[in-house]
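Asks: Contents of entry.pdb (PDB, C-alpha atoms) are given next:
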ATOM      1  CA  MET A   1      -1.813  -5.260  18.309
ATOM      2  CA  GLU A   2      -1.497  -8.279  16.048
ATOM      3  CA  TRP A   3      -0.255  -6.026  13.283
ATOM      4  CA  PHE A   4       2.818  -5.180  15.396
ATOM      5  CA  ASN A   5       3.615  -8.625  16.716
ATOM      6  CA  PHE A   6       6.014  -9.172  13.836
ATOM      7  CA  LEU A   7       8.297  -6.497  15.331
ATOM      8  CA  GLN A   8       8.917  -8.702  18.354
ATOM      9  CA  ASP A   9      11.039 -11.030  16.230
ATOM     10  CA  PRO A  10      14.604  -9.648  16.039
ATOM     11  CA  ASN A  11      15.285 -11.379  12.721
ATOM     12  CA  THR A  12      12.160  -9.807  11.213
ATOM     13  CA  ARG A  13      13.291  -6.367  12.355
ATOM     14  CA  TRP A  14      16.623  -6.851  10.614
ATOM     15  CA  ILE A  15      14.885  -7.988   7.429
ATOM     16  CA  ILE A  16      12.615  -4.932   7.481
ATOM     17  CA  ALA A  17      15.592  -2.643   8.061
ATOM     18  CA  GLY A  18      17.429  -4.247   5.141
ATOM     19  CA  THR A  19      14.532  -4.016   2.694
ATOM     20  CA  VAL A  20      13.774  -0.402   3.672
ATOM     21  CA  LEU A  21      17.418   0.548   3.128
ATOM     22  CA  LEU A  22      17.373  -1.252  -0.196
ATOM     23  CA  GLY A  23      14.266   0.653  -1.279
ATOM     24  CA  ILE A  24      15.753   4.029  -0.337
ATOM     25  CA  CYS A  25      19.066   3.316  -2.040
ATOM     26  CA  SER A  26      17.443   1.937  -5.198
ATOM     27  CA  GLY A  27      15.046   4.859  -5.494
ATOM     28  CA  VAL A  28      17.805   7.464  -5.180
ATOM     29  CA  ILE A  29      20.239   6.049  -7.733
ATOM     30  CA  GLY A  30      17.454   4.715  -9.968
ATOM     31  CA  SER A  31      16.227   8.277 -10.531
ATOM     32  CA  PHE A  32      19.289   9.034 -12.650
ATOM     33  CA  ALA A  33      18.922   5.810 -14.627
ATOM     34  CA  TYR A  34      15.317   6.751 -15.403
ATOM     35  CA  LEU A  35      16.134  10.337 -16.389
ATOM     36  CA  ARG A  36      19.011   9.169 -18.600
ATOM     37  CA  LYS A  37      16.655   6.768 -20.413
ATOM     38  CA  GLN A  38      18.574   3.789 -19.042
ATOM     39  CA  SER A  39      15.666   1.975 -17.450
ATOM     40  CA  LEU A  40      16.933  -1.377 -18.728
ATOM     41  CA  MET A  41      20.417  -0.765 -17.333
ATOM     42  CA  GLY A  42      19.463  -2.081 -13.906
ATOM     43  CA  ASP A  43      17.910  -5.164 -15.473
ATOM     44  CA  ALA A  44      21.020  -5.852 -17.540
ATOM     45  CA  LEU A  45      23.389  -5.359 -14.615
ATOM     46  CA  ALA A  46      21.238  -7.493 -12.299
ATOM     47  CA  HIS A  47      21.235 -10.382 -14.766
ATOM     48  CA  ALA A  48      24.952  -9.891 -15.370
ATOM     49  CA  ALA A  49      25.600 -10.385 -11.650
ATOM     50  CA  LEU A  50      24.451 -14.029 -11.720
ATOM     51  CA  PRO A  51      27.663 -15.474 -13.255
ATOM     52  CA  GLY A  52      29.669 -13.502 -10.706
ATOM     53  CA  ILE A  53      27.723 -15.144  -7.884
ATOM     54  CA  CYS A  54      28.256 -18.587  -9.396
ATOM     55  CA  VAL A  55      31.983 -18.057  -9.947
ATOM     56  CA  ALA A  56      32.381 -16.791  -6.376
ATOM     57  CA  PHE A  57      30.722 -19.962  -5.084
ATOM     58  CA  MET A  58      32.864 -22.181  -7.303
ATOM     59  CA  ILE A  59      36.036 -20.501  -6.009
ATOM     60  CA  THR A  60      35.175 -20.422  -2.316
ATOM     61  CA  GLY A  61      32.960 -23.510  -2.118
ATOM     62  CA  THR A  62      30.820 -21.808   0.531
ATOM     63  CA  LYS A  63      27.718 -19.627   0.531
ATOM     64  CA  SER A  64      29.472 -16.531   1.780
ATOM     65  CA  ILE A  65      27.329 -13.423   1.330
ATOM     66  CA  PHE A  66      30.422 -11.214   1.149
ATOM     67  CA  GLY A  67      31.914 -13.478  -1.526
ATOM     68  CA  PHE A  68      28.672 -13.421  -3.516
ATOM     69  CA  LEU A  69      28.506  -9.644  -3.344
ATOM     70  CA  LEU A  70      32.122  -9.317  -4.422
ATOM     71  CA  GLY A  71      31.592 -11.687  -7.352
ATOM     72  CA  ALA A  72      28.420  -9.877  -8.406
ATOM     73  CA  LEU A  73      30.215  -6.538  -8.192
ATOM     74  CA  VAL A  74      33.074  -7.716 -10.404
ATOM     75  CA  ALA A  75      30.667  -9.195 -12.964
ATOM     76  CA  GLY A  76      28.589  -6.005 -12.943
ATOM     77  CA  ILE A  77      31.642  -3.826 -13.538
ATOM     78  CA  ILE A  78      32.713  -6.052 -16.442
ATOM     79  CA  ALA A  79      29.201  -5.789 -17.889
ATOM     80  CA  THR A  80      29.291  -2.001 -17.486
ATOM     81  CA  PHE A  81      32.525  -1.675 -19.458
ATOM     82  CA  ALA A  82      31.227  -4.145 -22.053
ATOM     83  CA  ILE A  83      28.088  -2.070 -22.607
ATOM     84  CA  GLY A  84      30.161   1.098 -22.910
ATOM     85  CA  PHE A  85      32.588  -0.555 -25.347
ATOM     86  CA  ILE A  86      29.813  -1.870 -27.591
ATOM     87  CA  THR A  87      28.087   1.513 -27.621
ATOM     88  CA  ARG A  88      31.266   3.459 -28.441
ATOM     89  CA  GLU A  89      33.024   1.123 -30.856
ATOM     90  CA  THR A  90      30.100  -0.165 -32.914
ATOM     91  CA  ARG A  91      27.039   1.284 -34.577
ATOM     92  CA  LEU A  92      24.760  -0.431 -32.115
ATOM     93  CA  LYS A  93      22.691   1.780 -29.831
ATOM     94  CA  GLN A  94      22.644   1.355 -26.097
ATOM     95  CA  ASP A  95      19.377  -0.595 -25.983
ATOM     96  CA  ALA A  96      20.889  -3.220 -28.285
ATOM     97  CA  ALA A  97      24.052  -3.359 -26.175
ATOM     98  CA  LEU A  98      21.952  -3.801 -23.041
ATOM     99  CA  GLY A  99      20.021  -6.646 -24.638
ATOM    100  CA  ILE A 100      23.209  -8.402 -25.719
ATOM    101  CA  ILE A 101      24.914  -8.135 -22.335
ATOM    102  CA  LEU A 102      21.752  -9.122 -20.446
ATOM    103  CA  THR A 103      21.178 -12.301 -22.422
ATOM    104  CA  VAL A 104      24.836 -13.353 -22.710
ATOM    105  CA  PHE A 105      25.710 -12.882 -19.045
ATOM    106  CA  PHE A 106      22.446 -14.382 -17.814
ATOM    107  CA  GLY A 107      22.947 -17.370 -20.133
ATOM    108  CA  ILE A 108      26.436 -17.889 -18.742
ATOM    109  CA  GLY A 109      25.023 -17.636 -15.229
ATOM    110  CA  ILE A 110      22.352 -20.254 -15.889
ATOM    111  CA  VAL A 111      24.963 -22.610 -17.365
ATOM    112  CA  LEU A 112      27.217 -22.170 -14.331
ATOM    113  CA  LEU A 113      24.265 -22.583 -11.966
ATOM    114  CA  THR A 114      23.276 -25.833 -13.680
ATOM    115  CA  GLN A 115      26.844 -27.119 -13.426
ATOM    116  CA  ILE A 116      26.955 -26.281  -9.721
ATOM    117  CA  GLN A 117      23.661 -28.042  -9.032
ATOM    118  CA  HIS A 118      24.939 -31.201 -10.734
ATOM    119  CA  SER A 119      28.366 -31.083  -9.136
ATOM    120  CA  SER A 120      29.628 -32.638  -5.932
ATOM    121  CA  TYR A 121      29.580 -29.380  -3.980
ATOM    122  CA  GLY A 122      27.986 -29.884  -0.615
ATOM    123  CA  ASN A 123      26.504 -26.434  -0.094
ATOM    124  CA  GLN A 124      24.917 -25.695  -3.439
ATOM    125  CA  SER A 125      21.360 -25.998  -2.086
ATOM    126  CA  GLY A 126      19.570 -22.668  -2.208
ATOM    127  CA  LEU A 127      22.009 -20.919  -4.541
ATOM    128  CA  ASP A 128      19.291 -20.535  -7.165
ATOM    129  CA  LYS A 129      17.317 -18.378  -4.716
ATOM    130  CA  PHE A 130      19.412 -15.443  -5.865
ATOM    131  CA  LEU A 131      17.263 -15.475  -9.011
ATOM    132  CA  PHE A 132      14.229 -14.286  -7.028
ATOM    133  CA  GLY A 133      15.783 -13.157  -3.765
ATOM    134  CA  GLN A 134      15.973 -14.570  -0.258
ATOM    135  CA  ALA A 135      15.216 -11.647   2.030
ATOM    136  CA  ALA A 136      14.251 -13.990   4.865
ATOM    137  CA  ALA A 137      17.853 -15.196   5.033
ATOM    138  CA  MET A 138      19.276 -11.763   5.864
ATOM    139  CA  ILE A 139      20.907 -11.403   9.257
ATOM    140  CA  ARG A 140      22.317  -8.497  11.230
ATOM    141  CA  ARG A 141      25.674  -8.588   9.456
ATOM    142  CA  ASP A 142      23.993  -8.373   6.052
ATOM    143  CA  VAL A 143      21.858  -5.409   7.125
ATOM    144  CA  VAL A 144      24.873  -3.564   8.536
ATOM    145  CA  THR A 145      26.688  -4.096   5.243
ATOM    146  CA  MET A 146      23.680  -2.821   3.312
ATOM    147  CA  ALA A 147      23.423   0.220   5.604
ATOM    148  CA  VAL A 148      27.053   1.166   5.039
ATOM    149  CA  ILE A 149      26.788   0.755   1.266
ATOM    150  CA  CYS A 150      23.496   2.666   1.066
ATOM    151  CA  ALA A 151      24.898   5.510   3.157
ATOM    152  CA  MET A 152      27.934   5.709   0.879
ATOM    153  CA  LEU A 153      25.735   5.745  -2.237
ATOM    154  CA  ILE A 154      23.517   8.518  -0.899
ATOM    155  CA  PHE A 155      26.592  10.513   0.152
ATOM    156  CA  VAL A 156      28.158  10.165  -3.304
ATOM    157  CA  VAL A 157      24.917  11.183  -5.041
ATOM    158  CA  THR A 158      24.690  14.231  -2.768
ATOM    159  CA  LEU A 159      28.336  15.125  -3.395
ATOM    160  CA  PHE A 160      28.086  14.837  -7.193
ATOM    161  CA  PHE A 161      24.486  16.007  -7.497
ATOM    162  CA  LYS A 162      25.248  18.991  -9.734
ATOM    163  CA  GLU A 163      27.477  16.955 -12.077
ATOM    164  CA  PHE A 164      24.983  14.090 -12.327
ATOM    165  CA  LYS A 165      22.198  16.587 -12.999
ATOM    166  CA  LEU A 166      24.084  18.231 -15.858
ATOM    167  CA  VAL A 167      25.076  14.902 -17.411
ATOM    168  CA  SER A 168      21.495  13.643 -17.187
ATOM    169  CA  PHE A 169      19.836  16.697 -18.754
ATOM    170  CA  ASP A 170      22.399  18.394 -21.021
ATOM    171  CA  GLN A 171      25.578  16.512 -21.873
ATOM    172  CA  GLY A 172      26.543  19.099 -24.465
ATOM    173  CA  PHE A 173      26.615  21.890 -21.897
ATOM    174  CA  ALA A 174      28.363  19.642 -19.383
ATOM    175  CA  LYS A 175      31.074  18.855 -21.923
ATOM    176  CA  GLY A 176      31.370  22.524 -22.815
ATOM    177  CA  ILE A 177      32.201  23.530 -19.224
ATOM    178  CA  GLY A 178      34.839  20.814 -18.987
ATOM    179  CA  LEU A 179      33.131  18.002 -17.131
ATOM    180  CA  PRO A 180      34.514  14.494 -17.825
ATOM    181  CA  ILE A 181      31.408  13.106 -19.523
ATOM    182  CA  ARG A 182      32.715   9.591 -20.140
ATOM    183  CA  PHE A 183      33.973   9.231 -16.591
ATOM    184  CA  LEU A 184      30.690  10.457 -15.121
ATOM    185  CA  ASP A 185      28.734   8.063 -17.348
ATOM    186  CA  GLN A 186      30.808   5.131 -16.144
ATOM    187  CA  PHE A 187      30.632   6.368 -12.573
ATOM    188  CA  ILE A 188      26.822   6.465 -12.599
ATOM    189  CA  MET A 189      26.764   2.965 -14.077
ATOM    190  CA  PHE A 190      29.148   1.819 -11.343
ATOM    191  CA  LEU A 191      26.777   3.201  -8.709
ATOM    192  CA  LEU A 192      23.971   1.282 -10.400
ATOM    193  CA  VAL A 193      26.073  -1.876 -10.152
ATOM    194  CA  VAL A 194      26.582  -1.294  -6.427
ATOM    195  CA  ALA A 195      22.849  -0.740  -5.897
ATOM    196  CA  VAL A 196      22.063  -3.922  -7.832
ATOM    197  CA  VAL A 197      24.567  -5.906  -5.790
ATOM    198  CA  VAL A 198      22.991  -4.636  -2.563
ATOM    199  CA  GLY A 199      19.514  -5.657  -3.682
ATOM    200  CA  ILE A 200      20.235  -9.077  -5.136
ATOM    201  CA  GLN A 201      19.878 -10.900  -1.840
ATOM    202  CA  ALA A 202      16.494  -9.319  -1.094
ATOM    203  CA  VAL A 203      14.660  -9.312  -4.430
ATOM    204  CA  GLY A 204      16.945 -11.306  -6.748
ATOM    205  CA  VAL A 205      18.429 -10.644 -10.162
ATOM    206  CA  VAL A 206      15.094 -10.947 -11.970
ATOM    207  CA  LEU A 207      13.181  -8.297 -10.003
ATOM    208  CA  MET A 208      15.951  -5.836  -9.135
ATOM    209  CA  ALA A 209      15.255  -3.634 -12.172
ATOM    210  CA  ALA A 210      11.781  -2.889 -10.800
ATOM    211  CA  MET A 211      13.262  -1.592  -7.545
ATOM    212  CA  LEU A 212      15.494   0.802  -9.461
ATOM    213  CA  ILE A 213      12.903   2.213 -11.853
ATOM    214  CA  THR A 214       9.407   1.950 -10.316
ATOM    215  CA  PRO A 215      10.013   4.273  -7.305
ATOM    216  CA  ALA A 216      11.765   6.762  -9.603
ATOM    217  CA  VAL A 217       8.853   6.822 -12.047
ATOM    218  CA  SER A 218       6.420   7.249  -9.154
ATOM    219  CA  GLY A 219       8.423  10.171  -7.799
ATOM    220  CA  ARG A 220       8.493  11.823 -11.222
ATOM    221  CA  TYR A 221       4.708  12.059 -11.228
ATOM    222  CA  TRP A 222       4.668  14.242  -8.113
ATOM    223  CA  THR A 223       7.247  16.892  -8.959
ATOM    224  CA  ASN A 224       9.263  18.571 -11.697
ATOM    225  CA  LYS A 225      12.268  19.309  -9.479
ATOM    226  CA  LEU A 226      15.080  16.765  -9.483
ATOM    227  CA  SER A 227      16.016  17.094  -5.812
ATOM    228  CA  HIS A 228      12.386  16.579  -4.774
ATOM    229  CA  MET A 229      12.078  13.654  -7.160
ATOM    230  CA  ILE A 230      15.098  11.913  -5.640
ATOM    231  CA  VAL A 231      13.753  12.369  -2.110
ATOM    232  CA  LEU A 232      10.320  11.072  -3.124
ATOM    233  CA  SER A 233      11.857   8.124  -4.993
ATOM    234  CA  GLY A 234      13.830   7.123  -1.919
ATOM    235  CA  LEU A 235      10.726   7.534   0.240
ATOM    236  CA  PHE A 236       8.566   5.434  -2.077
ATOM    237  CA  GLY A 237      11.273   2.784  -2.258
ATOM    238  CA  GLY A 238      11.522   2.627   1.530
ATOM    239  CA  ILE A 239       7.742   2.368   1.887
ATOM    240  CA  SER A 240       7.721  -0.440  -0.692
ATOM    241  CA  GLY A 241      10.373  -2.361   1.232
ATOM    242  CA  PHE A 242       8.518  -1.959   4.522
ATOM    243  CA  SER A 243       5.046  -2.792   3.225
ATOM    244  CA  GLY A 244       6.217  -5.752   1.125
ATOM    245  CA  THR A 245       8.068  -7.260   4.065
ATOM    246  CA  LEU A 246       5.113  -6.631   6.374
ATOM    247  CA  ILE A 247       2.680  -8.377   4.029
ATOM    248  CA  SER A 248       5.016 -11.350   3.651
ATOM    249  CA  THR A 249       5.159 -11.811   7.437
ATOM    250  CA  LEU A 250       1.363 -11.858   7.760
ATOM    251  CA  GLY A 251       0.895 -14.980   5.654
ATOM    252  CA  ALA A 252       2.514 -18.342   5.176
ATOM    253  CA  ASN A 253       4.881 -18.943   2.251
ATOM    254  CA  LEU A 254       4.572 -15.407   0.864
ATOM    255  CA  PRO A 255       7.749 -14.352  -0.999
ATOM    256  CA  THR A 256       9.204 -11.088   0.269
ATOM    257  CA  GLY A 257      10.954  -9.902  -2.906
ATOM    258  CA  PRO A 258       7.972 -10.114  -5.270
ATOM    259  CA  LEU A 259       5.718  -8.505  -2.644
ATOM    260  CA  ILE A 260       8.143  -5.583  -2.348
ATOM    261  CA  VAL A 261       7.988  -5.122  -6.107
ATOM    262  CA  LEU A 262       4.181  -5.353  -6.061
ATOM    263  CA  SER A 263       4.081  -2.737  -3.295
ATOM    264  CA  ALA A 264       6.217  -0.434  -5.431
ATOM    265  CA  THR A 265       3.840  -1.075  -8.330
ATOM    266  CA  ALA A 266       0.852  -0.178  -6.138
ATOM    267  CA  ILE A 267       2.511   3.151  -5.283
ATOM    268  CA  PHE A 268       3.140   3.710  -8.986
ATOM    269  CA  VAL A 269      -0.520   3.068  -9.848
ATOM    270  CA  PHE A 270      -1.599   5.439  -7.063
ATOM    271  CA  SER A 271       0.781   8.093  -8.426
ATOM    272  CA  VAL A 272      -0.517   7.669 -11.961
ATOM    273  CA  LEU A 273      -4.087   8.155 -10.759
ATOM    274  CA  PHE A 274      -3.817  10.752  -7.992
ATOM    275  CA  ALA A 275      -0.676  12.857  -8.589
ATOM    276  CA  PRO A 276      -1.765  16.512  -8.278
ATOM    277  CA  ALA A 277      -0.517  17.787 -11.636
ATOM    278  CA  LYS A 278       0.295  14.773 -13.810
ATOM    279  CA  GLY A 279      -2.160  12.194 -12.517
ATOM    280  CA  VAL A 280      -5.022  10.875 -14.589
ATOM    281  CA  ILE A 281      -7.686  12.334 -12.298
ATOM    282  CA  ALA A 282      -6.004  15.750 -12.249
ATOM    283  CA  LYS A 283      -5.807  15.793 -16.039
ATOM    284  CA  LEU A 284      -9.458  14.801 -16.312
ATOM    285  CA  ARG A 285     -10.399  17.658 -13.990
ATOM    286  CA  VAL A 286      -8.382  20.126 -16.055
ATOM    287  CA  ARG A 287      -9.918  18.807 -19.250
ATOM    288  CA  LYS A 288     -13.418  19.068 -17.772
ATOM    289  CA  TYR A 289     -12.713  22.597 -16.561
ATOM    290  CA  MET A 290     -11.344  23.714 -19.925
ATOM    291  CA  LYS A 291     -14.287  22.140 -21.727
ATOM    292  CA  LYS A 292     -16.755  23.941 -19.454
ATOM    293  CA  LYS A 293     -14.853  27.215 -19.804
ATOM    294  CA  THR A 294     -14.818  26.938 -23.595
ATOM    295  CA  LYS A 295     -18.515  26.163 -23.625
ATOM    296  CA  ASP A 296     -19.307  29.140 -21.369
ATOM    297  CA  GLU A 297     -17.242  31.462 -23.537
ATOM    298  CA  PHE A 298     -18.928  30.159 -26.673
ATOM    299  CA  MET A 299     -22.368  30.679 -25.141
ATOM    300  CA  ALA A 300     -21.389  34.202 -24.063
ATOM    301  CA  ILE A 301     -20.274  35.031 -27.614
ATOM    302  CA  ARG A 302     -23.517  33.627 -29.033
ATOM    303  CA  GLU A 303     -25.492  35.713 -26.576
ATOM    304  CA  VAL A 304     -23.633  38.892 -27.543
ATOM    305  CA  GLU A 305     -24.104  38.180 -31.246
ATOM    306  CA  GLY A 306     -27.811  37.534 -30.677
ATOM    307  CA  ARG A 307     -28.219  41.008 -29.232
TER
END
Could you render the structure as structure tokens?
Replies:
Amino acid sequence: MEWFNFLQDPNTRWIIAGTVLLGICSGVIGSFAYLRKQSLMGDALAHAALPGICVAFMITGTKSIFGFLLGALVAGIIATFAIGFITRETRLKQDAALGIILTVFFGIGIVLLTQIQHSSYGNQSGLDKFLFGQAAAMIRRDVVTMAVICAMLIFVVTLFFKEFKLVSFDQGFAKGIGLPIRFLDQFIMFLLVVAVVVGIQAVGVVLMAAMLITPAVSGRYWTNKLSHMIVLSGLFGGISGFSGTLISTLGANLPTGPLIVLSATAIFVFSVLFAPAKGVIAKLRVRKYMKKKTKDEFMAIREVEGR
């Protein structure tokens, strides 16, 4: 029964609900980032959100979660358009644009954070926790906000599933049938920004990229069908949020965000090893079977030739 004592604390239940919702939401939208070879997009947008958080605090002077989320969302949208502009108007590829935006925005955020910490603001203590997350500080209002945003994201992904699928796998065909490719690209990036903003409070700007990509990669090992992959990614993300939060409650001074990421990594390692078709063990079995079959056929041929 000791394993379930943590559920008796209402605040712990809200934290678990928030981290599970975050995992589901991140896994669903992160699947498209992974398939579109934009694994670093979540990392860039998460780091770009830091100056938005700092500016929101400097304007309001209070640690308002809604204000932080709004500031992070605005900064993420600006970063999204900046990445798109650099990719379209210069000869730089997207990975270079991502690197530029990540470092520039994160540098600006660190400068603003340093200025805040050395200023006369009275409530600046704890603002730097957004770097690595502060899941323990979530309350009912935060979880309700996360639930609404996650439900909206999942609804939008379901509504535009066919369009996102075509853009992710065959942009040429999608353009040929009249789909607005540029708009859909920006729209997917906007959804990534929203997912990043939702997860910043739980796992922070540094670790948010792992929550977007790791569950998606794990889901990819178990299936070749996109719809199944998205469901599995959301499931793995939710399990990561639950298990990471559970482990953090069982010990003293254990950070929730990093443990969630480590739980997602554990699921990834399990998928790499034990996935039925693409896992390491499955491939070794196939290789062993093919080697034995080849050897048996060779011996059969030798036996026939000997006769």
Asks: Which neighbours of Thr223 (chain A) fall inside 12 Å, counting all atoms listed in the file, when residues of the same chain fewer than 3 positions from it are skipped, and could you give them as a VMD selection string?
Replies: chain A and resid 216 to 220 226 to 233 271 275 to 279
Asks: Could you dump the residues just selected with C-alpha atoms as a PDB file, in the frame of the given file?
Replies:
ATOM      1  CA  ALA A 216      11.765   6.762  -9.603  1.00  0.00           C
ATOM      2  CA  VAL A 217       8.853   6.822 -12.047  1.00  0.00           C
ATOM      3  CA  SER A 218       6.420   7.249  -9.154  1.00  0.00           C
ATOM      4  CA  GLY A 219       8.423  10.171  -7.799  1.00  0.00           C
ATOM      5  CA  ARG A 220       8.493  11.823 -11.222  1.00  0.00           C
ATOM      6  CA  LEU A 226      15.080  16.765  -9.483  1.00  0.00           C
ATOM      7  CA  SER A 227      16.016  17.094  -5.812  1.00  0.00           C
ATOM      8  CA  HIS A 228      12.386  16.579  -4.774  1.00  0.00           C
ATOM      9  CA  MET A 229      12.078  13.654  -7.160  1.00  0.00           C
ATOM     10  CA  ILE A 230      15.098  11.913  -5.640  1.00  0.00           C
ATOM     11  CA  VAL A 231      13.753  12.369  -2.110  1.00  0.00           C
ATOM     12  CA  LEU A 232      10.320  11.072  -3.124  1.00  0.00           C
ATOM     13  CA  SER A 233      11.857   8.124  -4.993  1.00  0.00           C
ATOM     14  CA  SER A 271       0.781   8.093  -8.426  1.00  0.00           C
ATOM     15  CA  ALA A 275      -0.676  12.857  -8.589  1.00  0.00           C
ATOM     16  CA  PRO A 276      -1.765  16.512  -8.278  1.00  0.00           C
ATOM     17  CA  ALA A 277      -0.517  17.787 -11.636  1.00  0.00           C
ATOM     18  CA  LYS A 278       0.295  14.773 -13.810  1.00  0.00           C
ATOM     19  CA  GLY A 279      -2.160  12.194 -12.517  1.00  0.00           C
TER      20      GLY A 279
END
Asks: Applied to the shown file, which residues does the PyMOL selection byres ((chain A and resi 132) around 6) return, written as a list in words?
Replies: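 With the PyMOL selection byres ((chain A and resi 132) around 6) on this model, the match is Lys129, Phe130, Leu131, Gly133, Val203 and Gly204 of chain A.
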Asks: Using only C-alpha atoms, pick whichever of A:Thr87, A:Gly109, A:Leu22, A:Ile139 has the shortest atom-to-atom distance to Ile154 (chain A).
Replies: A:Leu22
Asks: Under the rule that all atoms listed in the file are counted, which of A:Asn253, A:Ser119, A:Thr265, A:Thr103 is the nearest residue to Thr214 (chain A)?
Replies: A:Thr265
Asks: Given the file shown, determine the residues that the PyMOL selection byres ((chain A and resi 194) around 10) selects; report them as a VMD selection string.
Replies: chain A and resid 25 to 26 29 45 69 to 70 72 to 74 76 to 77 149 to 150 153 188 to 193 195 to 199
